[in-house]
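Visitor: Can you read through this structure? Questions will come right after.
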Amino acid sequence: MKIATWNVNSIKARLDNVLEWLRDAAPDVVLLQEIKTVDDGFPRLDLEALGYRCAVHGQKSYNGVAILSRVGLEDAQARLAGDDSDEHARYLEATVAGNIRVATIYLPNGNPVATEKFPYKLNWMKRLKARAAELLATGGPVVLGGDYNVIPTNDDVHNPAAWAGDALFQPETRAAFREILWLGYTDAFRAVDPSPHRYTFWDYQGGAWQRDHGIRIDHLLLSPVAADRLVTAGIDTGPRGKPKASDHTPVWCELRDPA
DNA sequence: ATGCCTTGCGGAGCAAGA
């Protein structure tokens, strides 16, 4: 069972890239972020033609998340509890393969730090932590994947000093991410690859991709019973090097079938 | 250097991203 997460930066602009990658990588479940379309604009038919069912939580112009699955897709539920005034489409859960609860997460960027955007980010992380705790309490396999907009450690950024003032790298941001991990979640990529400077995002500007000036901000967090099934995980840098690429590239993990 | 790209929206030049 291969589960991947990918911030595609517009599903419409990226459709050919996404279809090509689905054929090449053959993931069973894909957690998408930044689809940048309302539900009706989602290219459902093209994805269904490859065997995927789709759950979509869209929004006009910005944000938007979706789940693709070719191993069943049930009980989709959008939005995080805790702030009824939050209209951003950033969170969607569903059950795949019968009993794996997955969530696609587009965590707020939070920049600039001196504006209301940063406390919105931190509050969103509190809401996510609360939901993550609820899901742990079910005792079942859970995979929380997405664009967390969090650089966890100095090993996850090319030049830590350059990011010191950024919302993705603030001590409060990193602490809030650790709080979620310490509930009992495992960072799937880090569990299998401790090497530093493995990135999932490279800015479009300044030749960041060509220079490998990236950051690791897309993560797959596994509950204990999901982590017990972890076979391997990786970052697929292929899509970032293609024409018309998203600025993010897919992260994936492989879970063995239950005993 | 809040620019350097890229996208959506709408039909020019912002807003937002990270």
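Residue numbering restarts at 1 in every chain; chains get A, B, ... in the order shown in the structure tokens, and ligands count up from 1 in that same order.
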Mind listing as a list in words which residues of chain A are within 7 Å of chain B, counting only C-alpha atoms (C1' of nucleotides)?
Guide: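 Listed by rising number, the hits are Ser61, Asn109, Tyr204, Gln205 and Gly206 of chain A.
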Visitor: Let me see the file: selected residues, all heavy atoms, as an mmCIF file, in the first residue's frame.
Guide:
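Ended up saving to result-v3.cif:
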data_model
loop_
_atom_site.group_PDB
_atom_site.id
_atom_site.type_symbol
_atom_site.label_atom_id
_atom_site.label_comp_id
_atom_site.auth_asym_id
_atom_site.auth_seq_id
_atom_site.Cartn_x
_atom_site.Cartn_y
_atom_site.Cartn_z
ATOM 1 N N SER A 61 -9.906 29.854 -6.312
ATOM 2 C CA SER A 61 -8.611 30.555 -6.424
ATOM 3 C C SER A 61 -7.481 30.002 -5.554
ATOM 4 O O SER A 61 -6.350 29.886 -6.017
ATOM 5 C CB SER A 61 -8.730 32.043 -6.096
ATOM 6 O OG SER A 61 -9.702 32.646 -6.897
ATOM 7 N N ASN A 109 0.534 28.979 5.757
ATOM 8 C CA ASN A 109 1.917 29.436 5.603
ATOM 9 C C ASN A 109 2.351 30.287 6.797
ATOM 10 O O ASN A 109 3.423 30.092 7.348
ATOM 11 C CB ASN A 109 2.013 30.216 4.287
ATOM 12 C CG ASN A 109 3.360 30.823 4.046
ATOM 13 O OD1 ASN A 109 3.792 31.671 4.813
ATOM 14 N ND2 ASN A 109 4.045 30.384 3.002
ATOM 15 N N TYR A 204 10.451 28.685 -6.896
ATOM 16 C CA TYR A 204 10.590 28.948 -8.327
ATOM 17 C C TYR A 204 11.687 29.987 -8.601
ATOM 18 O O TYR A 204 12.231 30.041 -9.702
ATOM 19 C CB TYR A 204 9.268 29.479 -8.891
ATOM 20 C CG TYR A 204 8.163 28.451 -9.021
ATOM 21 C CD1 TYR A 204 6.935 28.660 -8.412
ATOM 22 C CD2 TYR A 204 8.334 27.304 -9.786
ATOM 23 C CE1 TYR A 204 5.900 27.751 -8.554
ATOM 24 C CE2 TYR A 204 7.303 26.387 -9.929
ATOM 25 C CZ TYR A 204 6.090 26.614 -9.307
ATOM 26 O OH TYR A 204 5.072 25.712 -9.454
ATOM 27 N N GLN A 205 11.972 30.809 -7.618
ATOM 28 C CA GLN A 205 12.852 31.960 -7.839
ATOM 29 C C GLN A 205 14.310 31.617 -7.526
ATOM 30 O O GLN A 205 14.602 30.752 -6.704
ATOM 31 C CB GLN A 205 12.412 33.125 -6.945
ATOM 32 C CG GLN A 205 10.960 33.506 -7.130
ATOM 33 C CD GLN A 205 10.560 34.669 -6.252
ATOM 34 O OE1 GLN A 205 10.860 35.803 -6.534
ATOM 35 N NE2 GLN A 205 9.876 34.378 -5.165
ATOM 36 N N GLY A 206 15.187 32.338 -8.167
ATOM 37 C CA GLY A 206 16.603 32.294 -7.836
ATOM 38 C C GLY A 206 17.302 30.990 -8.159
ATOM 39 O O GLY A 206 18.356 30.688 -7.599
#
Visitor: I need the residues of range 100-141 of chain A that end up classed as strand (DSSP E or B) by DSSP on the backbone, written out as a list of chain:residue names.
Guide: A:Ile100, A:Arg101, A:Val102, A:Ala103, A:Thr104, A:Ile105, A:Tyr106
Visitor: For Val143 in chain A, please output as a PDB file with all heavy atoms, in the first residue's frame all residues within 7 Å (counting only C-alpha atoms (C1' of nucleotides); exclusion window: fewer than 4 positions along the same chain).
Guide:
ATOM      1  N   ARG A 101      -7.456   5.591   8.267  1.00  0.00           N
ATOM      2  CA  ARG A 101      -7.963   6.957   8.239  1.00  0.00           C
ATOM      3  C   ARG A 101      -6.828   7.866   7.760  1.00  0.00           C
ATOM      4  O   ARG A 101      -5.759   7.908   8.374  1.00  0.00           O
ATOM      5  CB  ARG A 101      -8.433   7.372   9.631  1.00  0.00           C
ATOM      6  CG  ARG A 101      -9.290   8.627   9.665  1.00  0.00           C
ATOM      7  CD  ARG A 101     -10.615   8.431   8.953  1.00  0.00           C
ATOM      8  NE  ARG A 101     -11.484   9.621   9.073  1.00  0.00           N
ATOM      9  CZ  ARG A 101     -12.564   9.803   8.321  1.00  0.00           C
ATOM     10  NH1 ARG A 101     -12.934   8.897   7.405  1.00  0.00           N
ATOM     11  NH2 ARG A 101     -13.311  10.884   8.467  1.00  0.00           N
ATOM     12  N   VAL A 102      -7.055   8.561   6.669  1.00  0.00           N
ATOM     13  CA  VAL A 102      -6.030   9.461   6.125  1.00  0.00           C
ATOM     14  C   VAL A 102      -6.564  10.885   6.143  1.00  0.00           C
ATOM     15  O   VAL A 102      -7.772  11.119   6.041  1.00  0.00           O
ATOM     16  CB  VAL A 102      -5.617   9.076   4.679  1.00  0.00           C
ATOM     17  CG1 VAL A 102      -5.042   7.670   4.641  1.00  0.00           C
ATOM     18  CG2 VAL A 102      -6.769   9.222   3.707  1.00  0.00           C
ATOM     19  N   ALA A 103      -5.666  11.841   6.272  1.00  0.00           N
ATOM     20  CA  ALA A 103      -6.026  13.247   6.166  1.00  0.00           C
ATOM     21  C   ALA A 103      -5.074  13.932   5.215  1.00  0.00           C
ATOM     22  O   ALA A 103      -3.873  13.633   5.199  1.00  0.00           O
ATOM     23  CB  ALA A 103      -5.965  13.931   7.533  1.00  0.00           C
ATOM     24  N   LEU A 220       4.559  12.993   6.081  1.00  0.00           N
ATOM     25  CA  LEU A 220       3.573  11.934   6.320  1.00  0.00           C
ATOM     26  C   LEU A 220       3.752  11.470   7.759  1.00  0.00           C
ATOM     27  O   LEU A 220       4.789  10.884   8.096  1.00  0.00           O
ATOM     28  CB  LEU A 220       3.801  10.761   5.359  1.00  0.00           C
ATOM     29  CG  LEU A 220       3.471  11.017   3.888  1.00  0.00           C
ATOM     30  CD1 LEU A 220       4.137   9.958   3.009  1.00  0.00           C
ATOM     31  CD2 LEU A 220       1.962  11.020   3.663  1.00  0.00           C
ATOM     32  N   LEU A 221       2.763  11.748   8.600  1.00  0.00           N
ATOM     33  CA  LEU A 221       2.838  11.341  10.008  1.00  0.00           C
ATOM     34  C   LEU A 221       1.974  10.103  10.219  1.00  0.00           C
ATOM     35  O   LEU A 221       0.808  10.076   9.828  1.00  0.00           O
ATOM     36  CB  LEU A 221       2.367  12.476  10.930  1.00  0.00           C
ATOM     37  CG  LEU A 221       3.095  13.813  10.800  1.00  0.00           C
ATOM     38  CD1 LEU A 221       2.747  14.722  11.988  1.00  0.00           C
ATOM     39  CD2 LEU A 221       4.602  13.642  10.710  1.00  0.00           C
ATOM     40  N   LEU A 222       2.579   9.084  10.854  1.00  0.00           N
ATOM     41  CA  LEU A 222       1.927   7.786  11.022  1.00  0.00           C
ATOM     42  C   LEU A 222       1.603   7.519  12.481  1.00  0.00           C
ATOM     43  O   LEU A 222       2.461   7.705  13.358  1.00  0.00           O
ATOM     44  CB  LEU A 222       2.849   6.664  10.515  1.00  0.00           C
ATOM     45  CG  LEU A 222       3.480   6.835   9.136  1.00  0.00           C
ATOM     46  CD1 LEU A 222       4.305   5.585   8.806  1.00  0.00           C
ATOM     47  CD2 LEU A 222       2.427   7.075   8.070  1.00  0.00           C
ATOM     48  N   SER A 223       0.391   7.050  12.740  1.00  0.00           N
ATOM     49  CA  SER A 223       0.046   6.593  14.086  1.00  0.00           C
ATOM     50  C   SER A 223       0.832   5.319  14.381  1.00  0.00           C
ATOM     51  O   SER A 223       1.383   4.686  13.468  1.00  0.00           O
ATOM     52  CB  SER A 223      -1.459   6.335  14.180  1.00  0.00           C
ATOM     53  OG  SER A 223      -1.799   5.167  13.455  1.00  0.00           O
TER      54      SER A 223
END
Visitor: A:Met1, A:Ala55, A:Leu181, A:Val142: which is nearest Arg256 in chain A, counting only C-alpha atoms?
Guide: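 When distances to Arg256 in chain A are compared using only C-alpha atoms, the smallest one comes from A:Met1.
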Visitor: Between A:Asp39, A:Glu172, A:Glu134, A:Asp212, which residue has the minimum interatomic distance to Pro152 in chain A, considering only C-alpha atoms?
Guide: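 Of A:Asp39, A:Glu172, A:Glu134, A:Asp212, the one nearest Pro152 in chain A, counting only C-alpha atoms, is A:Glu172.
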